[in-house]
file protein-v5.txt (compact mmCIF, C-alpha atoms)
# COMPACT_ATOMS: atom_id res chain seq x y z
CA MET X 731 0.00 0.00 0.00
CA ALA X 732 1.33 3.43 -0.91
CA PRO X 733 2.15 5.70 2.05
CA PRO X 734 -0.45 8.42 2.77
CA ARG X 735 0.07 11.64 0.83
CA THR X 736 -0.75 13.87 3.79
CA TYR X 737 0.22 13.86 7.42
CA ARG X 738 -0.28 15.97 10.53
CA CYS X 739 2.36 17.18 12.96
CA GLU X 740 3.04 19.61 15.75
CA ALA X 741 5.96 21.92 15.14
CA ILE X 742 7.76 24.95 16.42
CA ILE X 743 8.63 27.39 13.66
CA LEU X 744 12.36 28.19 13.60
CA GLY X 745 12.45 30.58 10.67
CA TYR X 746 11.68 31.10 7.02
CA THR X 747 13.07 32.55 3.83
CA PRO X 748 11.11 34.00 0.91
CA LEU X 749 10.72 31.66 -2.04
CA GLY X 750 9.57 32.75 -5.48
CA GLU X 751 6.85 35.39 -5.82
CA ALA X 752 4.81 34.77 -2.70
CA ASP X 753 5.92 31.48 -1.10
CA LEU X 754 7.89 30.81 2.05
CA LEU X 755 10.46 28.13 2.72
CA VAL X 756 9.71 27.32 6.34
CA THR X 757 12.12 25.60 8.72
CA MET X 758 10.42 23.95 11.67
CA TYR X 759 11.17 21.43 14.37
CA THR X 760 8.54 18.75 14.80
CA TRP X 761 7.74 16.43 17.64
CA ASP X 762 7.94 13.22 15.66
CA GLN X 763 10.11 13.90 12.60
CA GLY X 764 12.85 16.24 13.77
CA LYS X 765 13.68 19.17 11.54
CA VAL X 766 11.41 19.67 8.54
CA ILE X 767 11.80 22.19 5.74
CA ALA X 768 8.54 22.73 3.86
CA VAL X 769 6.98 25.18 1.43
CA GLY X 770 4.14 27.49 2.43
CA LYS X 771 2.47 28.25 -0.92
CA GLY X 772 1.35 31.87 -1.19
CA ALA X 773 2.14 32.38 2.51
CA ARG X 774 3.51 35.89 1.92
CA ARG X 775 0.18 37.20 0.61
CA SER X 776 -1.68 39.15 3.27
CA THR X 777 -4.90 37.18 2.58
CA SER X 778 -3.25 33.74 2.76
CA LYS X 779 -4.82 31.40 5.30
CA LEU X 780 -1.26 30.58 6.41
CA VAL X 781 -0.22 34.16 7.14
CA GLY X 782 0.44 34.79 10.84
CA HIS X 783 0.59 31.06 11.56
CA LEU X 784 4.14 30.60 10.32
CA GLU X 785 5.96 33.25 12.33
CA PRO X 786 9.16 32.09 14.07
CA LEU X 787 8.83 31.00 17.71
CA THR X 788 5.24 29.86 17.23
CA MET X 789 4.00 26.36 18.09
CA VAL X 790 1.75 25.20 15.29
CA ARG X 791 -0.40 22.20 14.40
CA MET X 792 0.19 21.44 10.71
CA SER X 793 -1.31 19.48 7.88
CA MET X 794 1.37 18.66 5.35
CA ALA X 795 1.43 17.00 1.95
CA HIS X 796 4.41 15.10 0.61
CA GLY X 797 5.80 16.95 -2.39
CA ARG X 798 8.21 15.76 -5.06
CA SER X 799 11.24 17.40 -3.51
CA MET X 800 9.81 19.16 -0.48
CA ASP X 801 6.68 18.85 1.64
CA ILE X 802 3.89 21.43 1.24
CA ILE X 803 2.12 23.05 4.18
CA SER X 804 -1.59 22.71 3.46
CA GLN X 805 -2.95 23.96 6.80
CA ALA X 806 -1.51 25.56 9.92
CA GLU X 807 -3.13 26.43 13.21
CA VAL X 808 -1.40 28.21 16.09
CA VAL X 809 -1.26 26.14 19.28
CA GLN X 810 0.84 28.59 21.28
CA SER X 811 2.01 31.95 19.96
CA PHE X 812 4.35 32.94 22.83
CA SER X 813 2.93 36.43 22.47
CA VAL X 814 4.44 37.71 25.75
CA LEU X 815 7.92 36.73 24.58
CA LYS X 816 7.33 38.63 21.33
CA GLU X 817 6.60 41.93 23.10
CA ASP X 818 10.19 42.61 24.05
CA LEU X 819 13.32 42.88 21.91
CA LEU X 820 15.56 41.05 24.37
CA THR X 821 13.22 38.08 24.81
CA ILE X 822 12.66 37.87 21.05
CA THR X 823 16.43 37.70 20.57
CA LYS X 824 16.69 35.02 23.25
CA GLY X 825 14.00 33.04 21.44
CA LEU X 826 15.81 33.41 18.12
CA TYR X 827 19.03 32.22 19.79
CA LEU X 828 17.19 29.06 20.85
CA ALA X 829 15.78 28.66 17.33
CA GLU X 830 19.24 28.96 15.79
CA LEU X 831 20.58 26.27 18.12
CA VAL X 832 17.67 23.90 17.43
CA ASP X 833 18.14 24.50 13.70
CA GLY X 834 21.84 23.69 14.06
CA PHE X 835 21.55 20.63 16.31
CA GLY X 836 18.30 19.25 14.86
CA ALA X 837 18.50 16.93 11.88
CA GLU X 838 15.95 16.06 9.22
CA GLU X 839 14.23 12.67 9.54
CA SER X 840 15.80 12.27 12.97
CA PRO X 841 13.12 12.83 15.62
CA ASN X 842 14.16 13.96 19.07
CA PRO X 843 10.99 14.62 21.12
CA GLU X 844 13.12 15.63 24.11
CA LEU X 845 14.63 18.50 22.10
CA PHE X 846 11.15 19.58 20.99
CA ARG X 847 9.93 19.56 24.60
CA LEU X 848 13.08 21.39 25.77
CA MET X 849 12.49 24.16 23.22
CA ILE X 850 8.85 24.64 24.26
CA ASP X 851 9.68 24.56 27.98
CA THR X 852 12.51 27.07 27.53
CA LEU X 853 10.37 29.50 25.51
CA ARG X 854 7.82 29.41 28.34
CA ALA X 855 10.60 29.93 30.90
CA VAL X 856 11.91 32.95 28.95
CA GLU X 857 8.37 34.39 29.03
CA ASP X 858 8.15 33.79 32.79
CA ASN X 859 11.69 35.04 33.55
CA PRO X 860 12.38 37.76 30.96
CA GLU X 861 15.25 39.33 32.89
CA SER X 862 17.09 36.11 33.68
CA ASP X 863 19.61 34.37 31.45
CA MET X 864 19.19 31.13 33.37
CA PRO X 865 16.60 29.70 30.90
CA LEU X 866 19.25 29.99 28.17
CA ARG X 867 21.88 28.30 30.33
CA PHE X 868 19.42 25.51 31.15
CA PHE X 869 18.65 25.13 27.45
CA GLU X 870 22.31 25.02 26.40
CA PHE X 871 23.15 22.44 29.05
CA HIS X 872 20.19 20.18 28.26
CA LEU X 873 20.67 20.67 24.51
CA LEU X 874 24.03 18.97 24.96
CA GLN X 875 22.37 16.29 27.07
CA VAL X 876 19.56 15.43 24.61
CA SER X 877 22.08 15.50 21.75
CA GLY X 878 24.27 12.88 23.44
CA LEU X 879 27.02 15.42 24.24
CA MET X 880 26.50 15.75 27.98
CA PRO X 881 29.72 17.06 29.60
CA GLU X 882 31.21 15.11 32.53
CA LEU X 883 30.78 17.02 35.80
CA TYR X 884 31.50 14.51 38.53
CA HIS X 885 34.78 12.77 37.55
CA CYS X 886 37.93 13.95 35.81
CA VAL X 887 37.63 12.91 32.16
CA GLU X 888 41.36 12.00 32.09
CA CYS X 889 42.15 10.13 35.33
CA ARG X 890 38.49 9.23 36.21
CA GLU X 891 39.08 10.33 39.84
CA GLU X 892 36.07 11.83 41.58
CA LEU X 893 36.31 15.64 41.50
CA GLU X 894 37.13 17.37 44.78
CA PRO X 895 35.08 20.46 45.76
CA ASP X 896 37.59 22.87 44.24
CA ALA X 897 38.25 24.92 41.12
CA HIS X 898 38.90 22.74 38.08
CA ARG X 899 39.28 23.04 34.34
CA PHE X 900 36.88 22.35 31.52
CA SER X 901 37.17 21.51 27.85
CA PRO X 902 34.42 20.55 25.39
CA ASN X 903 37.11 18.84 23.34
CA VAL X 904 37.80 16.16 25.95
CA GLY X 905 34.18 15.92 27.09
CA GLY X 906 33.95 17.89 30.30
CA THR X 907 35.78 18.62 33.56
CA LEU X 908 39.43 17.94 34.36
CA CYS X 909 41.15 17.93 37.74
CA LEU X 910 44.16 20.20 38.25
CA ASP X 911 46.58 17.23 38.15
CA CYS X 912 45.65 16.36 34.58
CA SER X 913 46.85 18.80 31.94
CA PRO X 914 46.34 17.52 28.40
CA ASP X 915 47.58 19.66 25.54
CA ASP X 916 44.23 21.16 24.57
CA ALA X 917 43.57 24.59 23.08
CA HIS X 918 39.97 24.55 24.38
CA LEU X 919 41.00 24.09 28.02
CA ARG X 920 39.66 26.81 30.33
CA PRO X 921 39.35 27.36 34.08
CA LEU X 922 36.16 26.28 35.81
CA SER X 923 35.32 27.82 39.17
CA LEU X 924 33.77 25.74 41.92
CA ARG X 925 30.69 28.00 41.87
CA ALA X 926 30.21 27.43 38.14
CA LEU X 927 30.63 23.66 38.59
CA LYS X 928 27.94 23.70 41.30
CA VAL X 929 25.53 25.60 39.02
CA LEU X 930 26.19 23.13 36.16
CA ARG X 931 25.39 20.24 38.51
CA LEU X 932 22.24 22.04 39.59
CA LEU X 933 21.22 22.47 35.96
CA ASP X 934 21.81 18.75 35.51
CA ARG X 935 19.57 17.73 38.40
CA SER X 936 16.84 20.39 38.36
CA GLU X 937 13.62 21.04 36.55
CA ILE X 938 13.67 24.21 34.43
CA SER X 939 11.30 26.05 36.78
CA LYS X 940 13.66 25.49 39.73
CA ALA X 941 16.80 26.32 37.73
CA CYS X 942 15.29 29.62 36.60
CA LYS X 943 14.78 30.73 40.21
CA LEU X 944 18.54 30.66 40.72
CA SER X 945 20.08 34.11 40.97
CA VAL X 946 23.80 34.50 40.29
CA ASP X 947 26.13 37.51 40.36
CA LYS X 948 27.48 39.04 37.14
CA SER X 949 30.90 37.37 37.20
CA LEU X 950 29.37 33.92 37.64
CA ALA X 951 26.70 34.66 35.00
CA ASP X 952 29.47 35.71 32.57
CA GLU X 953 31.49 32.57 33.29
CA LEU X 954 28.47 30.31 32.74
CA ARG X 955 27.47 32.13 29.54
CA SER X 956 30.95 31.97 28.11
CA LEU X 957 31.46 28.31 29.07
CA LEU X 958 28.14 26.97 27.83
CA SER X 959 27.81 29.04 24.66
CA THR X 960 31.42 28.19 23.75
CA THR X 961 30.73 24.50 24.34
CA VAL X 962 27.55 24.59 22.26
CA GLY X 963 29.37 26.54 19.52
CA TYR X 964 32.22 24.00 19.60
CA TRP X 965 29.84 21.11 18.90
CA LEU X 966 27.86 23.10 16.37
CA GLY X 967 31.08 23.75 14.47
CA LYS X 968 30.13 27.25 13.40
CA GLU X 969 29.48 30.69 14.78
CA ILE X 970 26.16 31.22 16.59
CA ARG X 971 25.16 34.40 14.79
CA SER X 972 22.38 35.56 17.11
CA ASN X 973 24.85 35.49 20.04
CA SER X 974 26.56 38.75 19.10
CA PHE X 975 23.26 40.67 18.96
CA LEU X 976 22.20 39.07 22.24
CA ASP X 977 25.48 40.19 23.85
CA ARG X 978 24.96 43.67 22.45
CA LEU X 979 21.47 43.93 23.98
CA ASN X 980 22.67 42.49 27.29
CA ASN X 981 25.33 45.19 27.47
CA GLU X 982 22.79 47.95 26.97
CA SER X 983 20.82 49.26 29.90
CA LEU X 984 17.85 50.68 28.08
CA PRO X 985 14.23 49.78 28.81
CA GLY X 986 13.09 46.95 26.57
CA VAL X 987 9.31 47.03 26.35
CA TYR X 988 7.79 48.41 23.18
CA THR X 989 4.38 49.90 23.67
CA MET B 1232 29.03 30.61 -21.71
CA ALA B 1233 30.32 29.09 -18.45
CA ARG B 1234 30.99 32.60 -17.12
CA LEU B 1235 27.44 33.74 -17.91
CA VAL B 1236 25.98 30.66 -16.20
CA GLN B 1237 28.22 31.27 -13.21
CA GLU B 1238 27.17 34.91 -12.92
CA LEU B 1239 23.44 34.12 -13.30
CA ASN B 1240 23.82 31.40 -10.68
CA ARG B 1241 24.82 34.07 -8.18
CA LEU B 1242 21.39 35.76 -8.41
CA PRO B 1243 18.95 35.04 -5.55
CA GLY B 1244 16.61 32.13 -6.26
CA ILE B 1245 18.55 31.01 -9.35
CA GLY B 1246 20.02 27.52 -9.14
CA PRO B 1247 22.47 25.94 -11.60
CA LYS B 1248 19.73 24.54 -13.85
CA SER B 1249 17.81 27.83 -14.00
CA ALA B 1250 21.09 29.64 -14.69
CA GLN B 1251 21.73 27.35 -17.67
CA ARG B 1252 18.20 27.88 -19.00
CA LEU B 1253 18.53 31.66 -18.71
CA ALA B 1254 21.96 31.60 -20.36
CA TYR B 1255 20.60 29.65 -23.36
CA TYR B 1256 17.64 32.03 -23.52
CA ILE B 1257 19.99 35.02 -23.63
CA ILE B 1258 22.05 33.36 -26.39
CA ARG B 1259 18.93 32.88 -28.48
CA LEU B 1260 17.78 36.49 -27.98
CA PRO B 1261 18.07 38.89 -30.92
CA ASP B 1262 21.26 40.96 -30.60
CA ASP B 1263 19.39 44.18 -29.80
CA ASP B 1264 17.46 42.59 -26.94
CA ALA B 1265 20.57 41.04 -25.42
CA TYR B 1266 22.51 44.33 -25.63
CA ALA B 1267 19.51 46.19 -24.13
CA LEU B 1268 19.59 43.80 -21.17
CA ALA B 1269 23.34 44.28 -20.72
CA ASP B 1270 22.94 48.03 -21.06
CA ALA B 1271 20.18 48.08 -18.43
CA VAL B 1272 22.41 46.20 -15.98
CA THR B 1273 25.35 48.52 -16.64
CA SER B 1274 23.21 51.63 -16.48
CA VAL B 1275 21.56 50.70 -13.20
CA LYS B 1276 24.95 50.13 -11.59
CA GLN B 1277 26.34 53.40 -12.95
CA ASN B 1278 23.39 55.68 -12.30
CA ILE B 1279 21.47 54.41 -9.28
CA VAL B 1280 22.61 55.79 -5.92
CA PHE B 1281 21.26 56.03 -2.40
CA CYS B 1282 19.28 59.20 -1.75
CA GLU B 1283 21.32 61.23 0.74
CA GLU B 1284 18.14 61.90 2.74
CA CYS B 1285 15.87 58.86 2.75
CA GLN B 1286 18.40 56.23 1.53
CA ASN B 1287 15.98 55.07 -1.16
CA LEU B 1288 17.42 54.04 -4.50
CA THR B 1289 17.32 56.92 -6.96
CA ASP B 1290 18.98 58.26 -10.10
CA ALA B 1291 19.36 61.74 -8.55
CA SER B 1292 20.06 62.60 -4.94
CA PRO B 1293 18.04 63.88 -3.15
CA CYS B 1294 15.28 61.76 -4.67
CA GLN B 1295 12.02 63.03 -6.16
CA VAL B 1296 10.10 62.60 -2.90
CA CYS B 1297 12.69 64.28 -0.66
CA SER B 1298 13.08 67.25 -3.02
CA ASP B 1299 9.33 67.81 -3.43
CA PRO B 1300 8.39 70.94 -1.37
CA ARG B 1301 4.73 69.87 -1.31
CA ARG B 1302 5.54 66.85 0.88
CA ASP B 1303 5.02 67.14 4.62
CA GLN B 1304 8.55 67.62 6.01
CA THR B 1305 7.52 66.91 9.60
CA ILE B 1306 6.72 63.22 9.35
CA ILE B 1307 8.97 60.31 8.37
CA CYS B 1308 7.68 56.86 7.49
CA VAL B 1309 10.31 54.15 8.08
CA VAL B 1310 10.10 51.16 5.71
CA GLU B 1311 12.19 48.05 5.16
CA ASP B 1312 12.78 48.14 1.39
CA PRO B 1313 12.43 50.43 -1.64
CA LEU B 1314 9.47 48.34 -2.82
CA ASP B 1315 7.62 49.33 0.35
CA VAL B 1316 7.89 52.99 -0.70
CA LEU B 1317 6.19 52.12 -4.00
CA ALA B 1318 3.44 50.26 -2.12
CA MET B 1319 2.88 53.21 0.21
CA GLU B 1320 2.86 55.69 -2.68
CA ARG B 1321 0.17 53.66 -4.42
CA THR B 1322 -2.17 54.40 -1.50
CA ARG B 1323 -1.87 58.19 -2.12
CA THR B 1324 -2.70 58.74 1.55
CA PHE B 1325 0.74 59.45 2.94
CA ARG B 1326 2.25 62.80 1.95
CA GLY B 1327 5.26 62.85 4.26
CA LEU B 1328 8.84 61.65 3.77
CA TYR B 1329 10.31 58.16 3.88
CA HIS B 1330 13.34 56.44 5.29
CA VAL B 1331 14.42 53.11 3.80
CA LEU B 1332 16.30 50.76 6.13
CA HIS B 1333 17.29 48.23 3.41
CA GLY B 1334 16.44 45.24 5.55
CA VAL B 1335 15.48 44.29 9.07
CA ILE B 1336 17.38 43.16 12.12
CA SER B 1337 17.78 39.41 11.72
CA PRO B 1338 20.00 37.96 14.45
CA ILE B 1339 19.84 34.44 12.96
CA ASN B 1340 21.15 35.72 9.63
CA GLY B 1341 23.80 37.86 11.29
CA ILE B 1342 22.12 41.14 10.28
CA GLY B 1343 22.40 43.66 13.08
CA PRO B 1344 21.61 47.37 13.38
CA ASP B 1345 24.97 48.31 11.84
CA GLN B 1346 24.03 46.68 8.53
CA LEU B 1347 20.90 48.84 8.20
CA LYS B 1348 20.48 52.55 7.46
CA LEU B 1349 19.70 53.26 11.09
CA LYS B 1350 22.52 55.69 11.81
CA GLU B 1351 21.20 57.88 8.99
CA LEU B 1352 17.66 57.64 10.42
CA PHE B 1353 18.69 58.67 13.93
CA SER B 1354 20.64 61.56 12.44
CA ARG B 1355 17.54 62.76 10.52
CA LEU B 1356 15.41 62.53 13.64
CA GLU B 1357 17.61 65.13 15.35
CA ARG B 1358 16.15 67.83 13.09
CA PRO B 1359 13.70 69.98 15.04
CA GLU B 1360 11.07 70.02 12.27
CA ILE B 1361 10.46 66.25 12.56
CA VAL B 1362 7.46 65.70 14.86
CA GLU B 1363 6.36 62.16 14.01
CA MET B 1364 7.98 58.90 12.92
CA VAL B 1365 5.73 56.14 11.56
CA VAL B 1366 7.49 52.79 11.84
CA ALA B 1367 6.11 50.80 8.91
CA THR B 1368 8.21 47.65 9.13
CA ASN B 1369 6.39 44.43 8.23
CA PRO B 1370 4.32 42.86 11.03
CA THR B 1371 6.70 39.88 11.16
CA LEU B 1372 8.83 38.88 14.14
CA GLU B 1373 11.95 40.48 12.64
CA GLY B 1374 10.00 43.56 11.50
CA GLU B 1375 8.63 43.98 15.03
CA ALA B 1376 12.09 43.46 16.53
CA THR B 1377 13.45 46.20 14.25
CA ALA B 1378 10.59 48.52 15.27
CA MET B 1379 11.38 47.87 18.94
CA TYR B 1380 15.06 48.60 18.35
CA ILE B 1381 14.22 51.92 16.64
CA ARG B 1382 11.80 52.86 19.41
CA ARG B 1383 14.39 52.00 22.00
CA HIS B 1384 17.29 53.90 20.46
CA GLN B 1385 15.75 57.04 19.04
CA GLY B 1386 16.73 59.69 21.50
CA GLN B 1387 14.43 62.57 20.58
CA GLU B 1388 12.34 63.87 23.44
CA GLY B 1389 8.77 64.63 22.40
CA LEU B 1390 8.94 62.82 19.06
CA LYS B 1391 5.67 61.03 18.34
CA VAL B 1392 6.46 57.41 17.38
CA THR B 1393 3.67 55.38 15.80
CA HIS B 1394 3.36 52.19 13.80
CA LEU B 1395 0.84 51.05 11.23
CA ALA B 1396 -2.38 49.46 12.50
CA ARG B 1397 -2.39 45.69 12.96
CA GLY B 1398 -5.39 43.54 12.16
CA LEU B 1399 -7.41 41.85 9.48
CA PRO B 1400 -6.49 42.28 5.81
CA VAL B 1401 -9.16 43.35 3.31
CA GLY B 1402 -10.42 40.14 1.70
CA GLY B 1403 -9.17 38.06 4.65
CA SER B 1404 -11.12 35.65 6.78
CA LEU B 1405 -11.73 35.57 10.54
CA GLU B 1406 -11.78 31.79 10.48
CA TYR B 1407 -8.19 31.53 9.30
CA SER B 1408 -6.79 34.42 11.33
CA ASP B 1409 -4.20 33.66 13.95
CA GLU B 1410 -4.82 34.68 17.56
CA THR B 1411 -2.27 37.53 17.56
CA THR B 1412 -3.84 39.16 14.49
CA LEU B 1413 -7.36 38.81 15.93
CA THR B 1414 -6.26 40.16 19.32
CA ARG B 1415 -4.72 43.21 17.68
CA ALA B 1416 -7.75 43.66 15.44
CA PHE B 1417 -9.91 43.74 18.58
CA GLN B 1418 -7.54 46.16 20.30
CA GLY B 1419 -7.68 48.48 17.29
CA ARG B 1420 -11.43 48.24 16.66
CA GLN B 1421 -13.14 51.41 15.44
CA GLU B 1422 -16.60 52.85 15.74
CA ILE B 1423 -18.73 52.54 12.60
call {"tool": "encode", "arguments": {"input": "protein-v5.txt", "output": "C-alpha cells"}}
result
Amino acid sequence: MAPPRTYRCEAIILGYTPLGEADLLVTMYTWDQGKVIAVGKGARRSTSKLVGHLEPLTMVRMSMAHGRSMDIISQAEVVQSFSVLKEDLLTITKGLYLAELVDGFGAEESPNPELFRLMIDTLRAVEDNPESDMPLRFFEFHLLQVSGLMPELYHCVECREELEPDAHRFSPNVGGTLCLDCSPDDAHLRPLSLRALKVLRLLDRSEISKACKLSVDKSLADELRSLLSTTVGYWLGKEIRSNSFLDRLNNESLPGVYT
Amino acid sequence: MARLVQELNRLPGIGPKSAQRLAYYIIRLPDDDAYALADAVTSVKQNIVFCEECQNLTDASPCQVCSDPRRDQTIICVVEDPLDVLAMERTRTFRGLYHVLHGVISPINGIGPDQLKLKELFSRLERPEIVEMVVATNPTLEGEATAMYIRRHQGQEGLKVTHLARGLPVGGSLEYSDETTLTRAFQGRQEI
C-alpha cells in the first residue's frame, strides 16, 4: 500500500526565507520527525490562510502534503504563539538564539521529542523570567544532554578520579571537567570555578522552573554564559550568529518594552 | 558561456539549472534585446545611488520625494525596502517623507543594526522640524524586533512614534486568522 500523501504534525517554527513570488520556505522542528523544511504556498500574501501562523517562535499544528522534492504546508493552526515573549526585543532575541541552536543541532528525519519539549519549555521559561539568562543556560546544558554530548561534571575525564570540591578546568574537546593534576595539551581548556561547577550540577539535576529561580552575580553569570555558549558553539562547528546581537542587547541598559 | 551561467547562478533564487536555462535564452535572444539587457544592468549600476536623505534608490540625490516641497517635512515613514515605498505611494494617503532601512534586524542571519540605514535615520530625527515617525516595518517577528530597536534607540524627546495598524487584511477571513492578528484587530477596533 502506498504511504499516505498527507500527514499531521506539531511543530515549532524556527524561521523562514522568501521563495519565489509569494511562497515561504519554512524551517520547523517537529515532535515526531525532527527538523522539517517545507513550502508554504502563497504564505507571503496578506490574505493567505497561512499568514500569521508561520511566524518564528510559534508552536503550530500542521497538515502537510508530501511533495516531489519538499513537503507542502496545506494547513496551519497556532497552538501557542508565545505572544508575551514577542513583546520585548531582548526576549525575542533570546527566542531566536534558541531557534538557531535547534536548527543547528536538529537533523531532518531524525526525531528527538526531548529536544522539541526542551524548546517549548525554555520559551515558556523565557516568558516567565524575561530578565534572567538562566533559561538559556538551562537550554544550552540540556541541549548537549539530549544530543548525546553531555559534559562530565563529577569525575575527571582524564584520570576518572572523583572531583574534589575545588576549582577545576573544563574543555568541550575532551568531554567535560578535568582535575588540576591532569593537563592535556588542549587549546579549548579553560578554568572552571567551583561556583560554576555547582551551578552546572544544579542544571543537571533540576527542573527548568527550579533552575530559573537561581540568581547569580554578574561574574558567575558571565562565566556560565561563556562556558556553555562556547561548548555549544564548539559542537555546532560554526558561529552562533544571534549570540553577538544578544550580547549587544545584554550590554545595553535601556528599557526593553515596546508599547 | 560558463561565465554567464556562473554569474546568473549568483542571483537570488537562481540555481544551476535555472542559470543554464537563462543563459541559453539570452544566447537565443536577438542581438538588440541582449545588448539592451546588458545596457540596463550597466546603467543601473552606474546611475542608481542612495538618496542622501531617505536612503531610497534613486537616479538623482536627493530623490524626487525628498526634493518635493509639497511633501510634509515633519513626518517620516520608516520602511524596510524600496518596494515598500512604492506600495505606500500607491495608496496616495501618505504625503510625508520616507526612510528606507534596506532590511530588518535578523539575528539568525547575522544582520544587526549596523548593517541597516539606522545611523542615517537617527541623524535625521535630530532635526527639530520632525514631529512624528511612523514605523512601517512588516508585522513579522523580525519587523517587530526592528521597530522595537528603533523605538528604543531614538533619542528625541517629544517625538511622536507610531506604527501602522495591525489587524485583518481586506479580503481576509476571521476563520483563518491567527490569535495575535485577531487580538490586535480587537484592540484596534473602530466605531462605525
call {"tool": "axis_aligned_box", "arguments": {"input": "protein-v5.txt", "around": "range 1271-1282 of chain B", "padding_each_side": "3 Å", "output": "AutoDock Vina command-line options"}}
result
--center_x 22.8 --center_y 52.7 --center_z -10.1 --size_x 13.1 --size_y 19.0 --size_z 22.7
call {"tool": "closest_atom_pairs", "arguments": {"input": "protein-v5.txt", "of": "chain X", "to": "chain B", "cutoff": "10 Å", "atoms": "all atoms listed in the file", "output": "tab-separated table"}}
result
residue	atom	partner	partner_atom	distance
X:Leu744	CA	B:Ile1339	CA	9.8
X:Gly745	CA	B:Ile1339	CA	8.6
X:Pro748	CA	B:Gly1244	CA	9.2
X:Leu749	CA	B:Gly1244	CA	7.3
X:Gly750	CA	B:Gly1244	CA	7.1
X:Arg775	CA	B:Pro1400	CA	9.9
X:Ser776	CA	B:Pro1400	CA	6.3
X:Thr777	CA	B:Gly1403	CA	4.8
X:Ser778	CA	B:Gly1403	CA	7.6
X:Lys779	CA	B:Tyr1407	CA	5.2
X:Leu780	CA	B:Tyr1407	CA	7.6
X:Val781	CA	B:Ser1408	CA	7.8
X:Gly782	CA	B:Asp1409	CA	5.7
X:His783	CA	B:Asp1409	CA	6.0
X:Leu784	CA	B:Asp1409	CA	9.6
X:Glu785	CA	B:Leu1372	CA	6.6
X:Pro786	CA	B:Leu1372	CA	6.8
X:Leu787	CA	B:Leu1372	CA	8.7
X:Gln805	CA	B:Tyr1407	CA	9.5
X:Ala806	CA	B:Tyr1407	CA	9.0
X:Glu807	CA	B:Asp1409	CA	7.3
X:Val808	CA	B:Asp1409	CA	6.5
X:Val809	CA	B:Glu1410	CA	9.4
X:Gln810	CA	B:Glu1410	CA	9.1
X:Ser811	CA	B:Thr1411	CA	7.4
X:Phe812	CA	B:Thr1411	CA	9.6
X:Ser813	CA	B:Thr1411	CA	7.2
X:Lys816	CA	B:Leu1372	CA	7.3
X:Glu817	CA	B:Glu1375	CA	8.6
X:Asp818	CA	B:Met1379	CA	7.4
X:Leu819	CA	B:Ala1376	CA	5.5
X:Leu820	CA	B:Ala1376	CA	8.9
X:Thr821	CA	B:Ala1376	CA	9.9
X:Ile822	CA	B:Ala1376	CA	7.2
X:Thr823	CA	B:Pro1338	CA	7.1
X:Lys824	CA	B:Pro1338	CA	9.9
X:Leu826	CA	B:Ile1339	CA	6.6
X:Tyr827	CA	B:Ile1339	CA	7.2
X:Leu828	CA	B:Ile1339	CA	9.9
X:Ala829	CA	B:Ile1339	CA	8.3
X:Glu830	CA	B:Ile1339	CA	6.2
X:Leu831	CA	B:Ile1339	CA	9.7
X:Glu969	CA	B:Gly1341	CA	9.8
X:Ile970	CA	B:Ile1339	CA	8.0
X:Arg971	CA	B:Gly1341	CA	5.1
X:Ser972	CA	B:Pro1338	CA	4.3
X:Asn973	CA	B:Pro1338	CA	7.8
X:Ser974	CA	B:Pro1338	CA	8.1
X:Phe975	CA	B:Pro1338	CA	6.2
X:Leu976	CA	B:Pro1338	CA	8.2
X:Arg978	CA	B:Gly1343	CA	9.7
X:Leu979	CA	B:Tyr1380	CA	9.7
X:Leu984	CA	B:Arg1383	CA	7.1
X:Pro985	CA	B:Arg1383	CA	7.2
X:Gly986	CA	B:Arg1383	CA	6.9
X:Val987	CA	B:Met1379	CA	7.7
X:Tyr988	CA	B:Met1379	CA	5.6
X:Thr989	CA	B:Met1379	CA	8.7
call {"tool": "residues_around", "arguments": {"input": "protein-v5.txt", "residues": "range 1311-1313 of chain B", "least_positions_apart": "4", "cutoff": "7 Å", "atoms": "all atoms listed in the file", "output": "list in words"}}
result
Asn1287, Leu1288, Leu1317, Val1331, Leu1332, His1333, Gly1334, Val1335 and Thr1368 of chain B
call {"tool": "atom_distance", "arguments": {"input": "protein-v5.txt", "atom1": "CA of Gly967 in chain X", "atom2": "CA of His918 in chain X"}}
result
13.3 Å
call {"tool": "residues_around", "arguments": {"input": "protein-v5.txt", "residues": "Cys886 in chain X", "least_positions_apart": "4", "cutoff": "7 Å", "atoms": "only C-alpha atoms", "output": "list in words"}}
result
Arg890, Glu891, Glu892, Leu893, Thr907, Leu908 and Cys909 of chain X
call {"tool": "residues_around", "arguments": {"input": "protein-v5.txt", "residues": "Arg847 in chain X", "least_positions_apart": "4", "cutoff": "8 Å", "atoms": "only C-alpha atoms", "output": "list in words"}}
result
Trp761, Pro843 and Asp851 of chain X
call {"tool": "atom_distance", "arguments": {"input": "protein-v5.txt", "atom1": "CA of Glu740 in chain X", "atom2": "CA of Leu1413 in chain B"}}
result
21.8 Å
call {"tool": "atom_distance", "arguments": {"input": "protein-v5.txt", "atom1": "CA of Arg1326 in chain B", "atom2": "CA of Arg1302 in chain B"}}
result
5.3 Å
call {"tool": "closest_residue", "arguments": {"input": "protein-v5.txt", "among": "B:Ala1367, B:Pro1293, B:Gln1237, B:Tyr1256", "to": "Val1280 in chain B", "atoms": "all atoms listed in the file"}}
result
B:Pro1293
call {"tool": "residues_around", "arguments": {"input": "protein-v5.txt", "residues": "Leu932 in chain X", "least_positions_apart": "4", "cutoff": "10 Å", "atoms": "only C-alpha atoms", "output": "list in words"}}
result
Phe868, Ala926, Leu927, Lys928, Ser936, Glu937, Lys940, Ala941 and Leu944 of chain X
